[in-house]
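A.B. asks: Please find one structure pasted underneath; my questions will follow.
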Amino acid sequence: MALLSFTAASVAAQIAHARGCSTFLPNWNGPVGKPALILIVGNGVHLRSNGIDGTTTRIVTTERADPTHAFAEGINPFRDPGWMAARQAAFRDLTGQFYTDILDDVQMLIDRGHDTIRLATDGHTIRVFLRRAADYLIGGTYDVPSGLGGTFRVILKDATDTHALVQNSGNCEDFDEMLPYRVPLDALIEIDDRRAA
């Protein structure tokens, strides 16, 4: 999983642009009728509006990029000398555009005064990453989604900004004897959180 950080002000400008347009760039399924954010992986990594207002109608992924777009921290070809290595660390050789469904979640964070917007991506999905390691209690009990369906109850052993080290606890004996393992940090579910697994 890669964690991308953007300044909230630059993302807010892209949202405002998208909301100010009445026509939008199509996605892979055809025409789009509402504002959205598109993640571009190519010449850097940036978020941009899907709006078309007559000033720009194309997305550039390899030759040039617009420096006014919301670039990910450390992956801006106009500022960061190591941007290519950072992009490859996050996406390997993958380039292209990814229509996202995060505009409302990002707007909520901006409205709450967040100055940084963080996105988690595994190359197939893009999610708003709301919490930090400090938000979780080491030794606390959480649920994590199981590859078998449902959830496992776990004890949090350690956490970084992207992953948690957990130990099964309070499940059946065979599962509780498993060695500690890593899960994405945002996979931790508070016990009273009713998110679907």
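FYI, nothing fancy with the structure tokens labels: chains A, B, ... in order, residues from 1 per chain, ligands from 1 as they appear.
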With only C-alpha atoms as the counted atoms, please give the residues lying no more than 10 Å from Phe78 (chain A), apart from itself and same-chain residues fewer than 4 positions off, as a VMD selection string.
C.D. replies: chain A and resid 43 to 44 65 to 67 71 83
A.B. asks: Residues near Ile38 (chain A), anyone? I mean within 6 Å using only C-alpha atoms, not counting same-chain ones fewer than 2 positions away, as a list in words.
C.D. replies: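 The neighbour list is Leu47, Arg48, Phe98, Tyr99 and Thr100 of chain A.
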A.B. asks: Report as a ChimeraX atom specification all protein, DNA and RNA residues lying within 10 Å of region 106-111 of chain A, evaluated on only C-alpha atoms, omitting residues in the same chain fewer than 3 positions from it.
C.D. replies: /A:7-9,11-12,15-16,37,101-103,114-119,127-130
A.B. asks: Those same residues, written as a compact mmCIF listing (two decimals), in the first residue's frame with all heavy atoms?
C.D. replies:
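result.txt, freshly written:
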# COMPACT_ATOMS: atom_id res chain seq x y z
N THR A 7 -1.51 18.78 -0.22
CA THR A 7 -1.95 19.91 0.59
C THR A 7 -3.45 20.10 0.36
O THR A 7 -3.93 20.01 -0.77
CB THR A 7 -1.21 21.22 0.22
OG1 THR A 7 -1.52 21.57 -1.12
CG2 THR A 7 0.30 21.05 0.40
N ALA A 8 -4.16 20.35 1.44
CA ALA A 8 -5.61 20.51 1.35
C ALA A 8 -5.97 21.69 0.45
O ALA A 8 -6.95 21.64 -0.30
CB ALA A 8 -6.21 20.68 2.74
N ALA A 9 -5.17 22.77 0.49
CA ALA A 9 -5.48 23.95 -0.32
C ALA A 9 -5.43 23.63 -1.81
O ALA A 9 -6.29 24.08 -2.58
CB ALA A 9 -4.50 25.08 0.01
N VAL A 11 -5.88 20.69 -3.23
CA VAL A 11 -6.99 19.80 -3.56
C VAL A 11 -8.30 20.59 -3.58
O VAL A 11 -9.15 20.39 -4.44
CB VAL A 11 -7.07 18.61 -2.59
CG1 VAL A 11 -8.26 17.71 -2.92
CG2 VAL A 11 -5.78 17.79 -2.65
N ALA A 12 -8.45 21.51 -2.62
CA ALA A 12 -9.66 22.34 -2.58
C ALA A 12 -9.82 23.13 -3.88
O ALA A 12 -10.95 23.31 -4.38
CB ALA A 12 -9.61 23.28 -1.38
N ILE A 15 -11.24 20.80 -6.45
CA ILE A 15 -12.66 20.55 -6.18
C ILE A 15 -13.49 21.74 -6.63
O ILE A 15 -14.54 21.58 -7.27
CB ILE A 15 -12.89 20.24 -4.69
CG1 ILE A 15 -12.28 18.88 -4.34
CG2 ILE A 15 -14.39 20.25 -4.35
CD1 ILE A 15 -12.32 18.55 -2.85
N ALA A 16 -13.03 22.95 -6.31
CA ALA A 16 -13.75 24.16 -6.72
C ALA A 16 -13.86 24.24 -8.24
O ALA A 16 -14.91 24.58 -8.79
CB ALA A 16 -13.07 25.40 -6.16
N LEU A 37 -12.67 13.91 -8.70
CA LEU A 37 -11.22 14.08 -8.74
C LEU A 37 -10.63 12.89 -9.48
O LEU A 37 -11.07 11.76 -9.32
CB LEU A 37 -10.64 14.15 -7.33
CG LEU A 37 -11.02 15.39 -6.53
CD1 LEU A 37 -10.57 15.22 -5.07
CD2 LEU A 37 -10.39 16.63 -7.14
N ASP A 101 -13.74 8.19 -6.39
CA ASP A 101 -15.03 8.49 -5.79
C ASP A 101 -14.80 9.05 -4.39
O ASP A 101 -15.38 8.58 -3.42
CB ASP A 101 -15.88 7.22 -5.74
CG ASP A 101 -17.32 7.51 -5.35
OD1 ASP A 101 -17.76 8.65 -5.51
OD2 ASP A 101 -17.99 6.58 -4.85
N ILE A 102 -13.89 10.03 -4.28
CA ILE A 102 -13.46 10.52 -2.97
C ILE A 102 -13.80 11.98 -2.74
O ILE A 102 -13.53 12.51 -1.66
CB ILE A 102 -11.94 10.33 -2.80
CG1 ILE A 102 -11.18 11.12 -3.87
CG2 ILE A 102 -11.56 8.85 -2.81
CD1 ILE A 102 -9.67 11.17 -3.66
N LEU A 103 -14.40 12.66 -3.72
CA LEU A 103 -14.56 14.10 -3.63
C LEU A 103 -15.31 14.51 -2.35
O LEU A 103 -14.87 15.41 -1.64
CB LEU A 103 -15.29 14.63 -4.87
CG LEU A 103 -15.33 16.15 -4.99
CD1 LEU A 103 -15.11 16.57 -6.44
CD2 LEU A 103 -16.64 16.71 -4.50
N HIS A 114 -8.60 20.16 8.05
CA HIS A 114 -7.39 19.39 7.79
C HIS A 114 -6.52 20.13 6.79
O HIS A 114 -7.02 20.65 5.79
CB HIS A 114 -7.74 18.00 7.25
CG HIS A 114 -8.33 17.09 8.26
ND1 HIS A 114 -7.67 15.99 8.74
CD2 HIS A 114 -9.51 17.11 8.92
CE1 HIS A 114 -8.42 15.37 9.64
NE2 HIS A 114 -9.56 16.04 9.76
N ASP A 115 -5.22 20.20 7.04
CA ASP A 115 -4.34 20.88 6.10
C ASP A 115 -3.65 19.91 5.14
O ASP A 115 -3.03 20.33 4.17
CB ASP A 115 -3.30 21.74 6.82
CG ASP A 115 -2.45 20.93 7.79
OD1 ASP A 115 -2.67 19.72 7.93
OD2 ASP A 115 -1.55 21.53 8.41
N THR A 116 -3.76 18.61 5.42
CA THR A 116 -3.18 17.59 4.55
C THR A 116 -4.24 16.54 4.25
O THR A 116 -4.97 16.11 5.14
CB THR A 116 -1.97 16.92 5.22
OG1 THR A 116 -0.98 17.92 5.50
CG2 THR A 116 -1.35 15.85 4.33
N ILE A 117 -4.32 16.16 2.99
CA ILE A 117 -5.21 15.09 2.56
C ILE A 117 -4.33 13.89 2.23
O ILE A 117 -3.39 14.01 1.45
CB ILE A 117 -6.03 15.50 1.31
CG1 ILE A 117 -6.84 16.76 1.60
CG2 ILE A 117 -6.91 14.35 0.85
CD1 ILE A 117 -7.83 16.66 2.72
N ARG A 118 -4.63 12.75 2.86
CA ARG A 118 -3.83 11.54 2.61
C ARG A 118 -4.71 10.49 1.93
O ARG A 118 -5.84 10.26 2.35
CB ARG A 118 -3.26 10.98 3.91
CG ARG A 118 -2.30 11.96 4.57
CD ARG A 118 -1.63 11.41 5.80
NE ARG A 118 -2.56 10.79 6.71
CZ ARG A 118 -2.25 9.77 7.51
NH1 ARG A 118 -1.05 9.27 7.51
NH2 ARG A 118 -3.15 9.27 8.33
N LEU A 119 -4.16 9.89 0.89
CA LEU A 119 -4.85 8.83 0.17
C LEU A 119 -4.03 7.55 0.26
O LEU A 119 -2.80 7.59 0.17
CB LEU A 119 -5.05 9.19 -1.30
CG LEU A 119 -5.79 10.48 -1.62
CD1 LEU A 119 -5.89 10.68 -3.12
CD2 LEU A 119 -7.16 10.48 -0.97
N ARG A 127 -8.35 5.22 -1.54
CA ARG A 127 -9.19 5.53 -0.40
C ARG A 127 -8.64 6.75 0.33
O ARG A 127 -7.44 6.94 0.40
CB ARG A 127 -9.22 4.36 0.60
CG ARG A 127 -9.68 3.06 0.01
CD ARG A 127 -9.67 1.93 1.04
NE ARG A 127 -8.47 1.81 1.84
CZ ARG A 127 -7.36 1.19 1.46
NH1 ARG A 127 -7.27 0.67 0.27
NH2 ARG A 127 -6.33 1.10 2.26
N VAL A 128 -9.53 7.51 0.92
CA VAL A 128 -9.11 8.58 1.80
C VAL A 128 -8.62 7.93 3.09
O VAL A 128 -9.29 7.07 3.65
CB VAL A 128 -10.27 9.56 2.09
CG1 VAL A 128 -9.83 10.63 3.07
CG2 VAL A 128 -10.76 10.18 0.79
N PHE A 129 -7.43 8.30 3.52
CA PHE A 129 -6.81 7.70 4.71
C PHE A 129 -6.98 8.70 5.84
O PHE A 129 -6.30 9.72 5.90
CB PHE A 129 -5.33 7.45 4.41
CG PHE A 129 -4.68 6.44 5.30
CD1 PHE A 129 -4.72 5.10 4.99
CD2 PHE A 129 -4.04 6.83 6.46
CE1 PHE A 129 -4.11 4.15 5.80
CE2 PHE A 129 -3.43 5.90 7.28
CZ PHE A 129 -3.46 4.56 6.95
N LEU A 130 -7.92 8.41 6.73
CA LEU A 130 -8.35 9.40 7.71
C LEU A 130 -7.49 9.49 8.94
O LEU A 130 -7.33 10.55 9.52
CB LEU A 130 -9.79 9.10 8.15
CG LEU A 130 -10.85 9.23 7.06
CD1 LEU A 130 -12.21 8.78 7.58
CD2 LEU A 130 -10.91 10.65 6.54
A.B. asks: Write out as a CSV table (one decimal) with N, CA, C and O atoms, in the first residue's frame which residues come within 12 Å of Ser49 (chain A) when counting only C-alpha atoms, dropping same-chain ones fewer than 3 positions away.
C.D. replies:
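Resulting contents of selection.csv:
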chain,number,residue,atom,x,y,z
A,10,SER,N,-4.4,22.8,-2.2
A,10,SER,CA,-4.3,22.5,-3.7
A,10,SER,C,-5.5,21.6,-4.1
A,10,SER,O,-6.0,21.7,-5.2
A,11,VAL,N,-5.9,20.7,-3.2
A,11,VAL,CA,-7.0,19.8,-3.6
A,11,VAL,C,-8.3,20.6,-3.6
A,11,VAL,O,-9.2,20.4,-4.4
A,12,ALA,N,-8.5,21.5,-2.6
A,12,ALA,CA,-9.7,22.3,-2.6
A,12,ALA,C,-9.8,23.1,-3.9
A,12,ALA,O,-10.9,23.3,-4.4
A,13,ALA,N,-8.7,23.6,-4.4
A,13,ALA,CA,-8.8,24.3,-5.7
A,13,ALA,C,-9.3,23.4,-6.8
A,13,ALA,O,-10.1,23.9,-7.7
A,14,GLN,N,-8.9,22.2,-6.9
A,14,GLN,CA,-9.3,21.3,-7.9
A,14,GLN,C,-10.8,20.9,-7.7
A,14,GLN,O,-11.5,20.8,-8.7
A,15,ILE,N,-11.2,20.8,-6.4
A,15,ILE,CA,-12.7,20.5,-6.2
A,15,ILE,C,-13.5,21.7,-6.6
A,15,ILE,O,-14.5,21.6,-7.3
A,16,ALA,N,-13.0,23.0,-6.3
A,16,ALA,CA,-13.8,24.2,-6.7
A,16,ALA,C,-13.9,24.2,-8.2
A,16,ALA,O,-14.9,24.6,-8.8
A,17,HIS,N,-12.8,23.9,-8.9
A,17,HIS,CA,-12.8,23.9,-10.4
A,17,HIS,C,-13.8,22.9,-10.9
A,17,HIS,O,-14.6,23.2,-11.8
A,18,ALA,N,-13.8,21.7,-10.4
A,18,ALA,CA,-14.8,20.6,-10.8
A,18,ALA,C,-16.2,21.1,-10.6
A,18,ALA,O,-17.1,20.9,-11.4
A,19,ARG,N,-16.4,21.7,-9.4
A,19,ARG,CA,-17.8,22.1,-9.1
A,19,ARG,C,-18.3,23.3,-9.9
A,19,ARG,O,-19.5,23.6,-10.0
A,20,GLY,N,-17.3,24.0,-10.5
A,20,GLY,CA,-17.6,25.2,-11.3
A,20,GLY,C,-17.9,24.8,-12.8
A,20,GLY,O,-18.2,25.7,-13.6
A,21,CYS,N,-17.8,23.6,-13.1
A,21,CYS,CA,-18.0,23.1,-14.5
A,21,CYS,C,-19.3,22.5,-14.7
A,21,CYS,O,-19.9,21.9,-13.7
A,23,THR,N,-19.6,20.4,-17.7
A,23,THR,CA,-19.3,19.2,-18.4
A,23,THR,C,-18.0,18.6,-17.8
A,23,THR,O,-17.2,19.3,-17.3
A,24,PHE,N,-17.9,17.3,-18.0
A,24,PHE,CA,-16.8,16.6,-17.3
A,24,PHE,C,-16.1,15.6,-18.2
A,24,PHE,O,-16.8,15.1,-19.2
A,25,LEU,N,-14.9,15.3,-17.9
A,25,LEU,CA,-14.1,14.3,-18.7
A,25,LEU,C,-14.8,12.9,-18.5
A,25,LEU,O,-15.2,12.6,-17.3
A,26,PRO,N,-14.9,12.1,-19.5
A,26,PRO,CA,-15.6,10.8,-19.3
A,26,PRO,C,-14.6,9.9,-18.6
A,26,PRO,O,-13.4,10.0,-18.5
A,34,LYS,N,-21.1,14.4,-13.1
A,34,LYS,CA,-20.9,15.2,-11.8
A,34,LYS,C,-19.4,15.4,-11.5
A,34,LYS,O,-18.6,14.7,-12.1
A,35,PRO,N,-19.1,16.4,-10.7
A,35,PRO,CA,-17.7,16.7,-10.4
A,35,PRO,C,-17.1,15.5,-9.7
A,35,PRO,O,-17.7,14.7,-8.9
A,36,ALA,N,-15.8,15.3,-10.0
A,36,ALA,CA,-15.0,14.3,-9.3
A,36,ALA,C,-13.5,14.7,-9.4
A,36,ALA,O,-13.1,15.7,-10.0
A,37,LEU,N,-12.7,13.9,-8.7
A,37,LEU,CA,-11.2,14.1,-8.7
A,37,LEU,C,-10.6,12.9,-9.5
A,37,LEU,O,-11.1,11.8,-9.3
A,38,ILE,N,-9.6,13.2,-10.3
A,38,ILE,CA,-8.9,12.1,-11.0
A,38,ILE,C,-7.5,12.1,-10.5
A,38,ILE,O,-6.8,13.1,-10.4
A,39,LEU,N,-7.0,10.9,-10.2
A,39,LEU,CA,-5.6,10.7,-9.8
A,39,LEU,C,-4.8,10.4,-11.1
A,39,LEU,O,-5.1,9.4,-11.8
A,40,ILE,N,-3.8,11.2,-11.3
A,40,ILE,CA,-2.9,11.0,-12.5
A,40,ILE,C,-1.6,10.5,-12.1
A,40,ILE,O,-0.9,11.1,-11.2
A,46,HIS,N,-0.5,13.4,-9.4
A,46,HIS,CA,-1.3,14.6,-9.0
A,46,HIS,C,-2.8,14.3,-9.1
A,46,HIS,O,-3.2,13.4,-9.8
A,52,ILE,N,-14.4,20.2,-17.4
A,52,ILE,CA,-14.0,20.8,-18.6
A,52,ILE,C,-14.6,22.2,-18.7
A,52,ILE,O,-15.8,22.4,-18.7
A,53,ASP,N,-13.7,23.2,-18.7
A,53,ASP,CA,-14.2,24.6,-18.8
A,53,ASP,C,-13.7,25.4,-20.0
A,53,ASP,O,-13.8,26.6,-20.1
A,56,THR,N,-8.6,23.7,-20.4
A,56,THR,CA,-7.9,22.5,-20.5
A,56,THR,C,-8.8,21.3,-20.7
A,56,THR,O,-9.8,21.2,-20.0
A,57,THR,N,-8.5,20.5,-21.7
A,57,THR,CA,-9.4,19.4,-22.0
A,57,THR,C,-8.7,18.1,-22.0
A,57,THR,O,-9.3,17.0,-22.3
A,58,ARG,N,-7.4,18.1,-21.8
A,58,ARG,CA,-6.7,16.8,-21.9
A,58,ARG,C,-5.9,16.5,-20.6
A,58,ARG,O,-5.6,17.4,-19.8
A,59,ILE,N,-5.7,15.2,-20.4
A,59,ILE,CA,-4.9,14.8,-19.3
A,59,ILE,C,-3.6,14.3,-19.8
A,59,ILE,O,-3.5,13.5,-20.7
A,66,ASP,N,0.5,20.1,-15.6
A,66,ASP,CA,0.2,21.5,-15.3
A,66,ASP,C,0.6,21.7,-13.8
A,66,ASP,O,0.2,21.0,-12.9
A,68,THR,N,-0.2,23.7,-11.7
A,68,THR,CA,-1.3,24.1,-10.8
A,68,THR,C,-2.1,23.0,-10.3
A,68,THR,O,-2.9,23.1,-9.4
A,69,HIS,N,-1.9,21.8,-10.8
A,69,HIS,CA,-2.6,20.6,-10.2
A,69,HIS,C,-2.1,20.3,-8.8
A,69,HIS,O,-1.0,20.7,-8.4
A,70,ALA,N,-2.8,19.5,-8.1
A,70,ALA,CA,-2.5,19.1,-6.7
A,70,ALA,C,-1.5,17.9,-6.7
A,70,ALA,O,-1.9,16.8,-6.8
A,97,GLN,N,-4.6,7.3,-15.6
A,97,GLN,CA,-5.5,8.1,-14.9
A,97,GLN,C,-6.5,7.2,-14.2
A,97,GLN,O,-6.9,6.2,-14.7
A,98,PHE,N,-6.9,7.6,-13.0
A,98,PHE,CA,-7.8,6.8,-12.2
A,98,PHE,C,-8.9,7.8,-11.7
A,98,PHE,O,-8.7,8.7,-10.9
A,99,TYR,N,-10.1,7.6,-12.2
A,99,TYR,CA,-11.3,8.3,-11.7
A,99,TYR,C,-11.5,7.9,-10.3
A,99,TYR,O,-11.5,6.7,-10.0
A,100,THR,N,-11.7,8.8,-9.3
A,100,THR,CA,-11.9,8.4,-7.9
A,100,THR,C,-13.3,8.8,-7.5
A,100,THR,O,-14.0,9.5,-8.2
A,102,ILE,N,-13.9,10.0,-4.3
A,102,ILE,CA,-13.5,10.5,-3.0
A,102,ILE,C,-13.8,12.0,-2.7
A,102,ILE,O,-13.5,12.5,-1.7
A,103,LEU,N,-14.4,12.7,-3.7
A,103,LEU,CA,-14.6,14.1,-3.6
A,103,LEU,C,-15.3,14.5,-2.4
A,103,LEU,O,-14.9,15.4,-1.6
A.B. asks: I need the residue nearest Thr151 (chain A) from this list: A:Asp104, A:Asp122, A:Glu190, A:Glu177. Use only C-alpha atoms for the distance.
C.D. replies: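 Using only C-alpha atoms, the shortest distance to Thr151 (chain A) belongs to A:Glu190.
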A.B. asks: Rounded to one decimal place, report the CA of Asn76 (chain A)-CA of Val41 (chain A) distance in Å.
C.D. replies: 10.8 Å
A.B. asks: As a count of residues only, please: the residues near Phe152 (chain A) (cut-off 7 Å, only C-alpha atoms, same-chain neighbours under 5 positions excluded).
C.D. replies: 6
